[in-house]
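Colleague: So I've got this file, work_7.txt, and it contains compact mmCIF, C-alpha atoms:
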```
# COMPACT_ATOMS: atom_id res chain seq x y z
CA MET K 1 -28.47 1.02 20.21
CA LYS K 2 -26.94 0.22 16.87
CA ILE K 3 -23.57 1.50 18.05
CA ASN K 4 -23.70 -0.84 21.03
CA VAL K 5 -24.28 -3.85 18.79
CA VAL K 6 -21.35 -2.96 16.59
CA ARG K 7 -19.11 -2.45 19.61
CA ASN K 8 -20.09 -5.82 21.03
CA VAL K 9 -19.31 -7.58 17.77
CA LEU K 10 -15.86 -5.98 17.65
CA ASP K 11 -15.30 -6.77 21.32
CA ALA K 12 -16.02 -10.45 20.68
CA SER K 13 -13.70 -10.43 17.68
CA ASP K 14 -10.94 -8.71 19.65
CA ALA K 15 -11.37 -11.14 22.57
CA LEU K 16 -10.94 -14.09 20.20
CA ALA K 17 -7.88 -12.42 18.69
CA ALA K 18 -6.38 -11.90 22.16
CA ALA K 19 -6.95 -15.60 22.92
CA ASN K 20 -5.16 -16.56 19.70
CA ARG K 21 -2.23 -14.33 20.66
CA ARG K 22 -1.97 -15.80 24.19
CA ARG K 23 -1.96 -19.29 22.70
CA MET K 24 0.89 -18.42 20.36
CA ASP K 25 2.79 -16.59 23.11
CA GLN K 26 2.62 -19.70 25.29
CA ALA K 27 3.92 -21.84 22.41
CA GLY K 28 6.70 -19.34 21.63
CA VAL K 29 5.39 -18.70 18.12
CA LEU K 30 5.85 -15.30 16.44
CA CYS K 31 2.83 -14.55 14.25
CA ILE K 32 2.93 -12.20 11.24
CA ASN K 33 -0.31 -11.18 9.48
CA ILE K 34 0.42 -10.43 5.81
CA LEU K 35 -1.99 -8.09 4.03
CA SER K 36 -2.20 -6.69 0.51
CA ALA K 37 -4.28 -6.38 -2.63
CA PRO K 38 -4.78 -9.52 -4.73
CA GLY K 39 -1.70 -10.41 -6.74
CA SER K 40 0.81 -8.28 -4.84
CA GLY K 41 2.99 -11.33 -4.30
CA LYS K 42 2.21 -12.58 -0.78
CA THR K 43 2.46 -16.26 -1.70
CA THR K 44 5.58 -15.79 -3.81
CA LEU K 45 7.28 -13.79 -1.06
CA LEU K 46 6.71 -16.65 1.37
CA GLU K 47 7.80 -19.27 -1.17
CA GLU K 48 11.07 -17.41 -1.73
CA SER K 49 11.84 -16.31 1.83
CA LEU K 50 10.88 -19.29 4.02
CA PRO K 51 13.89 -21.32 2.81
CA LEU K 52 16.12 -18.39 3.87
CA LEU K 53 14.96 -18.29 7.51
CA GLY K 54 17.90 -20.42 8.61
CA GLU K 55 18.90 -23.90 9.68
CA GLY K 56 16.41 -25.41 12.11
CA VAL K 57 14.00 -22.44 12.00
CA THR K 58 10.44 -23.68 11.46
CA ALA K 59 7.49 -21.89 9.84
CA ALA K 60 3.83 -22.59 9.23
CA VAL K 61 1.35 -20.70 7.05
CA LEU K 62 -2.40 -20.14 7.42
CA VAL K 63 -3.58 -19.00 4.02
CA GLY K 64 -6.96 -17.37 3.37
CA ASP K 65 -8.76 -17.37 0.03
CA LEU K 66 -12.40 -17.24 -1.02
CA GLN K 67 -11.97 -20.42 -3.08
CA THR K 68 -9.33 -22.95 -4.20
CA THR K 69 -6.33 -24.51 -2.44
CA ARG K 70 -3.90 -23.10 -5.00
CA ASP K 71 -1.86 -21.03 -2.58
CA ALA K 72 -1.64 -23.82 0.01
CA GLU K 73 -0.39 -26.23 -2.64
CA ARG K 74 2.31 -23.76 -3.66
CA LEU K 75 3.33 -23.10 -0.06
CA SER K 76 3.46 -26.76 0.94
CA VAL K 77 6.89 -26.97 -0.73
CA ALA K 78 8.52 -24.27 1.38
CA ALA K 79 6.58 -24.37 4.66
CA GLY K 80 6.63 -27.17 7.20
CA GLN K 81 2.88 -26.89 7.82
CA VAL K 82 0.18 -25.20 5.75
CA VAL K 83 -3.55 -24.77 6.37
CA GLN K 84 -5.84 -23.32 3.70
CA ILE K 85 -8.89 -21.45 4.98
CA ASN K 86 -11.60 -20.91 2.37
CA THR K 87 -13.78 -17.96 3.33
CA GLY K 88 -16.47 -18.57 0.67
CA SER K 89 -17.71 -15.05 0.08
CA GLY K 90 -15.89 -13.66 3.15
CA CYS K 91 -13.68 -10.68 2.38
CA HIS K 92 -11.17 -11.16 5.23
CA LEU K 93 -9.97 -13.78 7.71
CA SER K 94 -11.62 -13.70 11.13
CA PRO K 95 -10.04 -14.55 14.50
CA SER K 96 -12.33 -17.59 14.81
CA GLN K 97 -11.08 -18.95 11.48
CA VAL K 98 -7.52 -18.42 12.71
CA ALA K 99 -8.38 -20.27 15.95
CA GLU K 100 -9.56 -23.22 13.85
CA GLY K 101 -6.36 -22.99 11.86
CA LEU K 102 -4.32 -23.09 15.08
CA ASP K 103 -6.23 -26.27 16.06
CA ALA K 104 -5.01 -27.87 12.84
CA LEU K 105 -1.34 -26.98 13.43
CA ASP K 106 1.32 -28.46 15.70
CA LEU K 107 2.55 -25.35 17.52
CA ALA K 108 5.21 -27.13 19.60
CA GLY K 109 8.65 -26.16 18.32
CA LEU K 110 7.21 -23.75 15.76
CA ASP K 111 9.10 -20.47 15.34
CA TYR K 112 6.96 -18.46 12.90
CA LEU K 113 3.33 -18.52 11.88
CA PHE K 114 2.53 -16.45 8.81
CA ILE K 115 -1.09 -15.61 8.12
CA GLU K 116 -1.62 -14.86 4.45
CA ASN K 117 -4.85 -12.88 4.53
CA VAL K 118 -7.46 -12.64 1.76
CA GLY K 119 -6.24 -10.35 -1.03
CA ASN K 120 -8.03 -7.11 -0.16
CA MET K 121 -6.73 -3.68 0.88
CA VAL K 122 -9.82 -2.71 2.87
CA CYS K 123 -11.58 -5.26 5.08
CA PRO K 124 -8.65 -7.29 6.49
CA ALA K 125 -7.11 -4.08 7.87
CA ALA K 126 -9.97 -3.73 10.38
CA PHE K 127 -9.58 -7.15 12.01
CA ASP K 128 -6.98 -8.12 14.62
CA LEU K 129 -6.48 -11.88 14.19
CA GLY K 130 -4.15 -12.30 17.17
CA GLU K 131 -0.98 -11.59 15.21
CA HIS K 132 2.06 -9.94 16.80
CA LEU K 133 3.01 -7.94 13.74
CA ARG K 134 1.59 -6.86 10.42
CA ALA K 135 3.42 -6.91 7.12
CA VAL K 136 1.77 -4.97 4.29
CA LEU K 137 2.76 -5.54 0.67
CA LEU K 138 2.32 -3.00 -2.12
CA SER K 139 3.39 -4.11 -5.57
CA VAL K 140 4.93 -1.64 -7.99
CA PRO K 141 2.41 -2.36 -10.81
CA GLU K 142 -0.46 -1.34 -8.50
CA GLY K 143 0.80 2.20 -8.70
CA ASP K 144 2.52 4.76 -6.51
CA ASP K 145 -0.76 6.43 -5.46
CA LYS K 146 -2.16 3.72 -3.15
CA VAL K 147 -0.92 4.68 0.33
CA ALA K 148 -3.19 7.72 0.71
CA LYS K 149 -6.12 5.88 -0.90
CA TYR K 150 -5.99 3.00 1.64
CA PRO K 151 -4.63 4.75 4.73
CA THR K 152 -5.89 2.32 7.41
CA LEU K 153 -3.97 -0.56 5.87
CA PHE K 154 -0.70 1.35 5.87
CA GLN K 155 -1.23 3.06 9.24
CA LYS K 156 -1.34 -0.31 11.00
CA ALA K 157 1.68 -1.81 9.22
CA ASP K 158 4.79 -2.81 11.22
CA VAL K 159 6.74 -3.33 8.02
CA ILE K 160 5.95 -2.36 4.41
CA LEU K 161 7.28 -4.34 1.47
CA LEU K 162 7.34 -2.73 -1.97
CA THR K 163 7.23 -5.83 -4.18
CA LYS K 164 7.98 -6.51 -7.87
CA ILE K 165 10.58 -3.77 -7.57
CA ASP K 166 12.28 -5.05 -10.74
CA LEU K 167 9.42 -3.43 -12.71
CA ALA K 168 9.93 0.06 -11.21
CA GLY K 169 12.09 1.45 -14.03
CA LEU K 170 9.85 0.12 -16.80
CA LEU K 171 6.71 1.51 -15.16
CA GLY K 172 8.17 4.89 -14.15
CA TYR K 173 7.42 4.27 -10.49
CA ARG K 174 7.75 7.34 -8.28
CA PHE K 175 9.16 6.13 -4.94
CA GLU K 176 9.08 9.70 -3.62
CA ARG K 177 5.29 9.73 -3.95
CA VAL K 178 4.98 6.65 -1.71
CA ALA K 179 7.43 8.20 0.77
CA GLU K 180 5.49 11.48 0.87
CA ASP K 181 2.21 9.68 1.57
CA LEU K 182 3.79 7.46 4.24
CA ALA K 183 5.31 10.52 5.92
CA GLN K 184 1.73 11.62 6.69
CA ILE K 185 0.50 8.37 8.26
CA ASN K 186 3.28 5.96 9.25
CA THR K 187 6.91 6.90 9.84
CA ALA K 188 7.71 3.97 12.15
CA ALA K 189 7.44 1.02 9.76
CA PRO K 190 10.55 0.26 7.72
CA VAL K 191 10.00 0.11 3.95
CA ILE K 192 11.79 -2.76 2.22
CA ARG K 193 12.09 -2.94 -1.57
CA VAL K 194 11.92 -6.55 -2.74
CA SER K 195 11.81 -8.57 -5.93
CA SER K 196 11.12 -12.27 -5.84
CA THR K 197 12.38 -12.41 -9.43
CA THR K 198 15.85 -11.00 -8.76
CA GLY K 199 15.98 -11.81 -5.04
CA GLN K 200 16.59 -8.14 -4.17
CA GLY K 201 15.66 -7.27 -0.59
CA LEU K 202 14.75 -10.78 0.55
CA ASP K 203 17.73 -10.71 2.94
CA GLN K 204 16.46 -7.46 4.50
CA TRP K 205 13.00 -8.99 5.01
CA VAL K 206 14.47 -12.17 6.53
CA ASN K 207 16.76 -10.09 8.79
CA TRP K 208 13.77 -8.02 9.92
CA LEU K 209 11.92 -11.23 10.78
CA GLY K 210 14.92 -12.51 12.74
CA ARG K 211 15.20 -9.28 14.71
CA GLN K 212 11.50 -9.36 15.65
CA ARG K 213 11.92 -12.90 16.92
CA GLY K 214 15.02 -11.92 18.90
CA VAL K 215 13.28 -8.96 20.53
CA ARG K 216 10.38 -11.10 21.73
CA LYS K 217 12.37 -13.99 23.17
CA MET N 1 -34.57 -14.54 12.34
CA LYS N 2 -31.03 -13.53 11.44
CA ILE N 3 -31.58 -14.68 7.85
CA ASN N 4 -34.67 -12.47 7.59
CA VAL N 5 -32.73 -9.42 8.69
CA VAL N 6 -30.02 -10.06 6.13
CA ARG N 7 -32.60 -10.56 3.38
CA ASN N 8 -34.31 -7.32 4.28
CA VAL N 9 -31.05 -5.42 4.09
CA LEU N 10 -30.31 -6.84 0.65
CA ASP N 11 -33.88 -6.19 -0.45
CA ALA N 12 -33.52 -2.53 0.52
CA SER N 13 -30.21 -2.32 -1.30
CA ASP N 14 -31.66 -3.97 -4.42
CA ALA N 15 -34.71 -1.68 -4.34
CA LEU N 16 -32.44 1.37 -4.27
CA ALA N 17 -30.41 -0.09 -7.12
CA ALA N 18 -33.58 -0.67 -9.17
CA ALA N 19 -34.60 2.95 -8.56
CA ASN N 20 -31.18 4.14 -9.79
CA ARG N 21 -31.60 2.01 -12.93
CA ARG N 22 -35.09 3.36 -13.67
CA ARG N 23 -33.80 6.90 -13.29
CA MET N 24 -31.00 6.24 -15.78
CA ASP N 25 -33.34 4.41 -18.17
CA GLN N 26 -35.65 7.41 -18.21
CA ALA N 27 -32.72 9.71 -18.96
CA GLY N 28 -31.39 7.36 -21.68
CA VAL N 29 -28.10 6.82 -19.86
CA LEU N 30 -26.22 3.51 -20.18
CA CYS N 31 -24.48 2.71 -16.89
CA ILE N 32 -21.38 0.50 -16.62
CA ASN N 33 -20.10 -0.59 -13.18
CA ILE N 34 -16.32 -1.16 -13.35
CA LEU N 35 -14.84 -3.54 -10.80
CA SER N 36 -11.33 -4.79 -10.09
CA ALA N 37 -8.54 -5.09 -7.55
CA PRO N 38 -6.70 -1.88 -6.60
CA GLY N 39 -4.27 -0.79 -9.28
CA SER N 40 -5.66 -2.85 -12.15
CA GLY N 41 -6.01 0.27 -14.25
CA LYS N 42 -9.66 1.34 -13.98
CA THR N 43 -8.89 5.06 -13.94
CA THR N 44 -6.28 4.83 -16.69
CA LEU N 45 -8.64 2.80 -18.90
CA LEU N 46 -11.26 5.53 -18.60
CA GLU N 47 -8.72 8.31 -19.16
CA GLU N 48 -7.57 6.62 -22.37
CA SER N 49 -10.90 5.43 -23.75
CA LEU N 50 -13.36 8.25 -23.02
CA PRO N 51 -11.79 10.48 -25.71
CA LEU N 52 -12.35 7.61 -28.20
CA LEU N 53 -16.12 7.31 -27.64
CA GLY N 54 -16.83 9.52 -30.62
CA GLU N 55 -17.90 12.99 -31.63
CA GLY N 56 -20.76 14.28 -29.51
CA VAL N 57 -20.90 11.20 -27.24
CA THR N 58 -20.98 12.28 -23.59
CA ALA N 59 -19.76 10.44 -20.52
CA ALA N 60 -19.75 10.99 -16.77
CA VAL N 61 -17.88 9.09 -14.05
CA LEU N 62 -18.79 8.34 -10.44
CA VAL N 63 -15.58 7.26 -8.78
CA GLY N 64 -15.38 5.52 -5.42
CA ASP N 65 -12.38 5.55 -3.11
CA LEU N 66 -11.90 5.31 0.63
CA GLN N 67 -9.95 8.56 0.66
CA THR N 68 -8.55 11.25 -1.65
CA THR N 69 -9.91 12.89 -4.81
CA ARG N 70 -6.92 11.73 -6.87
CA ASP N 71 -8.92 9.66 -9.34
CA ALA N 72 -11.58 12.33 -9.86
CA GLU N 73 -8.87 14.91 -10.54
CA ARG N 74 -7.32 12.62 -13.17
CA LEU N 75 -10.70 11.87 -14.77
CA SER N 76 -11.83 15.48 -14.90
CA VAL N 77 -9.67 15.93 -18.00
CA ALA N 78 -11.36 13.23 -20.07
CA ALA N 79 -14.91 13.10 -18.67
CA GLY N 80 -17.53 15.79 -19.01
CA GLN N 81 -18.72 15.31 -15.44
CA VAL N 82 -17.02 13.57 -12.51
CA VAL N 83 -18.17 12.93 -8.95
CA GLN N 84 -15.82 11.50 -6.33
CA ILE N 85 -17.48 9.42 -3.60
CA ASN N 86 -15.29 8.86 -0.54
CA THR N 87 -16.46 5.78 1.34
CA GLY N 88 -14.28 6.38 4.44
CA SER N 89 -13.71 2.82 5.61
CA GLY N 90 -16.39 1.38 3.28
CA CYS N 91 -15.16 -1.45 1.08
CA HIS N 92 -17.60 -0.95 -1.81
CA LEU N 93 -19.97 1.62 -3.27
CA SER N 94 -23.60 1.32 -2.20
CA PRO N 95 -26.72 2.11 -4.25
CA SER N 96 -27.53 5.01 -1.92
CA GLN N 97 -24.11 6.56 -2.57
CA VAL N 98 -24.75 6.17 -6.30
CA ALA N 99 -28.16 7.83 -5.88
CA GLU N 100 -26.41 10.81 -4.27
CA GLY N 101 -23.94 10.78 -7.14
CA LEU N 102 -26.81 10.89 -9.64
CA ASP N 103 -28.22 13.91 -7.79
CA ALA N 104 -24.93 15.69 -8.41
CA LEU N 105 -24.90 14.96 -12.16
CA ASP N 106 -26.79 16.48 -15.06
CA LEU N 107 -28.27 13.35 -16.69
CA ALA N 108 -29.99 15.17 -19.58
CA GLY N 109 -28.16 14.40 -22.82
CA LEU N 110 -25.72 12.05 -21.10
CA ASP N 111 -24.86 8.86 -23.03
CA TYR N 112 -22.69 6.88 -20.60
CA LEU N 113 -22.26 6.81 -16.86
CA PHE N 114 -19.24 4.84 -15.67
CA ILE N 115 -19.08 3.85 -12.02
CA GLU N 116 -15.50 3.21 -10.95
CA ASN N 117 -16.00 1.09 -7.86
CA VAL N 118 -13.65 0.83 -4.85
CA GLY N 119 -10.60 -1.30 -5.72
CA ASN N 120 -11.60 -4.64 -4.21
CA MET N 121 -12.25 -8.05 -5.81
CA VAL N 122 -14.66 -9.24 -3.11
CA CYS N 123 -17.23 -6.86 -1.61
CA PRO N 124 -18.26 -4.76 -4.65
CA ALA N 125 -19.23 -7.95 -6.52
CA ALA N 126 -22.14 -8.52 -4.11
CA PHE N 127 -23.85 -5.15 -4.62
CA ASP N 128 -26.04 -4.16 -7.53
CA LEU N 129 -25.73 -0.38 -7.81
CA GLY N 130 -28.32 0.03 -10.54
CA GLU N 131 -25.88 -0.45 -13.41
CA HIS N 132 -26.91 -2.03 -16.71
CA LEU N 133 -23.64 -3.85 -17.27
CA ARG N 134 -20.52 -4.85 -15.38
CA ALA N 135 -16.99 -4.58 -16.67
CA VAL N 136 -14.35 -6.48 -14.68
CA LEU N 137 -10.64 -5.71 -15.04
CA LEU N 138 -7.85 -8.16 -14.28
CA SER N 139 -4.32 -6.85 -14.74
CA VAL N 140 -1.59 -9.15 -15.98
CA PRO N 141 0.77 -8.43 -13.02
CA GLU N 142 -1.89 -9.69 -10.59
CA GLY N 143 -1.32 -13.17 -11.93
CA ASP N 144 -3.11 -15.73 -14.09
CA ASP N 145 -4.58 -17.58 -11.09
CA LYS N 146 -7.19 -15.05 -9.96
CA VAL N 147 -10.39 -16.08 -11.79
CA ALA N 148 -10.98 -19.24 -9.73
CA LYS N 149 -9.95 -17.48 -6.52
CA TYR N 150 -12.54 -14.70 -6.93
CA PRO N 151 -15.32 -16.50 -8.83
CA THR N 152 -18.27 -14.25 -7.90
CA LEU N 153 -16.59 -11.23 -9.45
CA PHE N 154 -15.99 -12.97 -12.76
CA GLN N 155 -19.33 -14.83 -12.84
CA LYS N 156 -21.24 -11.54 -12.85
CA ALA N 157 -19.07 -9.84 -15.49
CA ASP N 158 -20.60 -8.78 -18.82
CA VAL N 159 -17.17 -8.04 -20.24
CA ILE N 160 -13.70 -8.89 -18.93
CA LEU N 161 -10.67 -6.73 -19.69
CA LEU N 162 -7.20 -8.18 -19.26
CA THR N 163 -5.19 -5.01 -18.66
CA LYS N 164 -1.47 -4.14 -18.80
CA ILE N 165 -1.22 -6.77 -21.52
CA ASP N 166 2.11 -5.29 -22.65
CA LEU N 167 3.70 -6.95 -19.58
CA ALA N 168 2.47 -10.47 -20.46
CA GLY N 169 5.65 -11.65 -22.19
CA LEU N 170 7.98 -10.31 -19.50
CA LEU N 171 5.95 -11.91 -16.71
CA GLY N 172 5.34 -15.27 -18.45
CA TYR N 173 1.58 -14.82 -18.26
CA ARG N 174 -0.40 -17.97 -19.09
CA PHE N 175 -3.55 -16.84 -20.94
CA GLU N 176 -4.69 -20.46 -21.20
CA ARG N 177 -4.95 -20.65 -17.43
CA VAL N 178 -7.36 -17.69 -17.37
CA ALA N 179 -9.36 -19.23 -20.24
CA GLU N 180 -9.60 -22.59 -18.47
CA ASP N 181 -10.89 -20.97 -15.27
CA LEU N 182 -13.38 -18.79 -17.17
CA ALA N 183 -14.67 -21.84 -19.05
CA GLN N 184 -15.92 -23.13 -15.69
CA ILE N 185 -17.82 -20.03 -14.61
CA ASN N 186 -18.48 -17.52 -17.40
CA THR N 187 -18.45 -18.31 -21.12
CA ALA N 188 -20.76 -15.45 -22.14
CA ALA N 189 -18.59 -12.43 -21.37
CA PRO N 190 -16.11 -11.44 -24.09
CA VAL N 191 -12.49 -11.14 -22.94
CA ILE N 192 -10.64 -8.11 -24.32
CA ARG N 193 -6.86 -7.76 -23.99
CA VAL N 194 -5.90 -4.12 -23.50
CA SER N 195 -2.87 -1.99 -22.81
CA SER N 196 -3.26 1.67 -21.99
CA THR N 197 0.48 2.03 -22.65
CA THR N 198 0.44 0.76 -26.26
CA GLY N 199 -3.25 1.41 -26.94
CA GLN N 200 -3.85 -2.27 -27.82
CA GLY N 201 -7.48 -3.33 -27.50
CA LEU N 202 -8.91 0.08 -26.63
CA ASP N 203 -10.80 0.06 -29.96
CA GLN N 204 -12.39 -3.32 -29.08
CA TRP N 205 -13.50 -1.96 -25.70
CA VAL N 206 -14.93 1.21 -27.25
CA ASN N 207 -16.69 -0.86 -29.96
CA TRP N 208 -18.18 -3.11 -27.27
CA LEU N 209 -19.48 -0.02 -25.46
CA GLY N 210 -21.00 1.31 -28.68
CA ARG N 211 -22.77 -1.99 -29.40
CA GLN N 212 -24.25 -2.10 -25.88
CA ARG N 213 -25.61 1.37 -26.35
CA GLY N 214 -27.05 0.46 -29.76
CA VAL N 215 -28.79 -2.65 -28.39
CA ARG N 216 -30.53 -0.70 -25.65
CA LYS N 217 -31.73 2.24 -27.69
```
Output the file's structure as structure tokens, nothing else.
Modeller:
Amino acid sequence: MKINVVRNVLDASDALAAANRRRMDQAGVLCINILSAPGSGKTTLLEESLPLLGEGVTAAVLVGDLQTTRDAERLSVAAGQVVQINTGSGCHLSPSQVAEGLDALDLAGLDYLFIENVGNMVCPAAFDLGEHLRAVLLSVPEGDDKVAKYPTLFQKADVILLTKIDLAGLLGYRFERVAEDLAQINTAAPVIRVSSTTGQGLDQWVNWLGRQRGVRK
Amino acid sequence: MKINVVRNVLDASDALAAANRRRMDQAGVLCINILSAPGSGKTTLLEESLPLLGEGVTAAVLVGDLQTTRDAERLSVAAGQVVQINTGSGCHLSPSQVAEGLDALDLAGLDYLFIENVGNMVCPAAFDLGEHLRAVLLSVPEGDDKVAKYPTLFQKADVILLTKIDLAGLLGYRFERVAEDLAQINTAAPVIRVSSTTGQGLDQWVNWLGRQRGVRK
């Protein structure tokens, strides 16, 4: 009986996610769900890369946090539209919160919607929000041992960004360790090394975004 | 009705936690629950500080991770006893997992039990495991904006360790921002700046541990 209840809850969540996706498909919006630990650089990545998307390309951000509007305030400079979702004590965004966020956005003429999930390597990985693609960030200071410790997160990634790459030399980061772990669970997702400080790799990330949009048109 | 069910679940969890605490009290063990985001340096802090606890002082570690025994393998060098708890997809340790961990340990003559929780700033904060005290780590590369974004975690801290402090200058870390946020939610917990690379602050952390043990004897 318990298993049935759990399945029903997930079914309802997945049905809401599918409705979100249909709504964005109809509006021609490509939606990327961005997941990582706290402080991996999700907000900074968006701040630095949204201005590089190209002339006339429009982007909105739904940003999830337990408390504060700090990230939304930062993103309001670079993104055309921003909605902050405060989850209170909630450890991940839910498809119903994203549906409310979509209500608050003007989807007409929008090219990209980025969902910046709550900083958490565990819970957000289990919830489809209606996104088309998942970007997972792993910052160099978090360590080179994280892929095998949080496999679900990395298994479901469509692209993996190693962030704060400028610190790799100082911290003795072992890229080969990340590659070995990824070889066991996800060989399809490209791995892009980025630094928002030096700008390294931002072009690769922006090109990847452009290709995904091209493929789906 | 739903609220009753939730309360009962928490009651059961809290009752198990209280039983864990009684068991440790009877054995004369001081238990510290260590919480932080992934990659803040919980394992490294223990590796570096356990050898400094003093002649004849004994410590064990219960370490929680979704997958792998990597942290337990690292800690087995510095700790007398180590138990790895793999939570599978679980986002925090539970009091029942800790009870199983206690079964696997020899508590007689043990001075400290450290619980290294799953790397997650949200879910572990809500669960009493039976610990006496909570240590919360926040690493400098995660950013100086995290206290207000994850208030429950920091509200319930008995001591706060700012880790990887050697990177503060390079990253332009604003300590005053952390202090301002903490002034709103937790003025009782001491804040210790540590670096496992340079050794800075490890003595303060070890002294704090010693005082807590003295107070409770």
Colleague: Could you make a table, as JSON lines, of the residues of range 60-160 of chain K that have an atom within 10 Å of an atom of range 31-37 of chain N, each with its nearest atom pair and distance in Å to one decimal, counting all atoms listed in the file, in chain and number order?
Modeller:
```
{"residue": "K:Gly119", "atom": "CA", "partner": "N:Ala37", "partner_atom": "CA", "distance": 8.7}
{"residue": "K:Asn120", "atom": "CA", "partner": "N:Ala37", "partner_atom": "CA", "distance": 7.7}
{"residue": "K:Met121", "atom": "CA", "partner": "N:Ala37", "partner_atom": "CA", "distance": 8.7}
{"residue": "K:Glu142", "atom": "CA", "partner": "N:Ala37", "partner_atom": "CA", "distance": 9.0}
```
Colleague: Write out as a ChimeraX atom specification every residue belonging to chain K that has an atom at most 10 Å from any atom of chain N, counting all atoms listed in the file.
Modeller: /K:36-41,65-71,86,88-92,118-123,125-126,138-152,164,167,170-171,197
Colleague: Find the spatial neighbours of Ser196 in chain K, counting all atoms listed in the file, within a cut-off of 9 Å - ignore same-chain residues fewer than 3 positions away - and output them as a list in words.
Modeller: Gly41, Thr44, Leu45, Glu48, Ser49, Thr163, Lys164, Ile165, Asp166, Gly199, Gln200, Gly201 and Leu202 of chain K
Colleague: Since we have the selection now, will you write its residues out, keeping C-alpha atoms, as a CSV table (one decimal), in the coordinates of the input?
Modeller:
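The result, stored in part_20.csv:
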```
chain,number,residue,atom,x,y,z
K,41,GLY,CA,3.0,-11.3,-4.3
K,44,THR,CA,5.6,-15.8,-3.8
K,45,LEU,CA,7.3,-13.8,-1.1
K,48,GLU,CA,11.1,-17.4,-1.7
K,49,SER,CA,11.8,-16.3,1.8
K,163,THR,CA,7.2,-5.8,-4.2
K,164,LYS,CA,8.0,-6.5,-7.9
K,165,ILE,CA,10.6,-3.8,-7.6
K,166,ASP,CA,12.3,-5.0,-10.7
K,199,GLY,CA,16.0,-11.8,-5.0
K,200,GLN,CA,16.6,-8.1,-4.2
K,201,GLY,CA,15.7,-7.3,-0.6
K,202,LEU,CA,14.8,-10.8,0.6
```
Colleague: Between CA of Met24 in chain K and CA of Thr58 in chain K, what is the spacing in Å?
Modeller: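 Straight-line distance from CA of Thr58 in chain K to CA of Met24 in chain K works out to 14.1 Å.
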Colleague: For CA of Gln184 in chain N and CA of Leu209 in chain N, quote the distance in Å rounded to one decimal.
Modeller: 25.3 Å
Colleague: In Å, how far is it from CA of Asp111 in chain N to CA of Gly56 in chain N?
Modeller: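 Answer for the CA of Asp111 in chain N to CA of Gly56 in chain N separation: 9.4 Å.
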Colleague: Please provide the set of residues having any atom within 10 Å of Gln204 in chain N, restricted to all atoms listed in the file, with same-chain residues fewer than 6 positions apart removed, written as a list in words.
Modeller: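 Near neighbours after the sequence-gap exclusion: Val191, Ile192, Arg193, Val194 and Gly210 of chain N.
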Colleague: Keeping only C-alpha atoms, take the residues you just selected and write them out as a compact mmCIF listing (two decimals), in the coordinates of the input.
Modeller:
```txt
# COMPACT_ATOMS: atom_id res chain seq x y z
CA VAL N 191 -12.49 -11.14 -22.94
CA ILE N 192 -10.64 -8.11 -24.32
CA ARG N 193 -6.86 -7.76 -23.99
CA VAL N 194 -5.90 -4.12 -23.50
CA GLY N 210 -21.00 1.31 -28.68
```
Colleague: Identify which of the residues K:Ser94, K:Gly28, K:Leu107, K:Ala12 lies closest to Gly214 in chain K, counting only C-alpha atoms when measuring atom-to-atom distances.
Modeller: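 Of K:Ser94, K:Gly28, K:Leu107, K:Ala12, the one nearest Gly214 in chain K, counting only C-alpha atoms, is K:Gly28.
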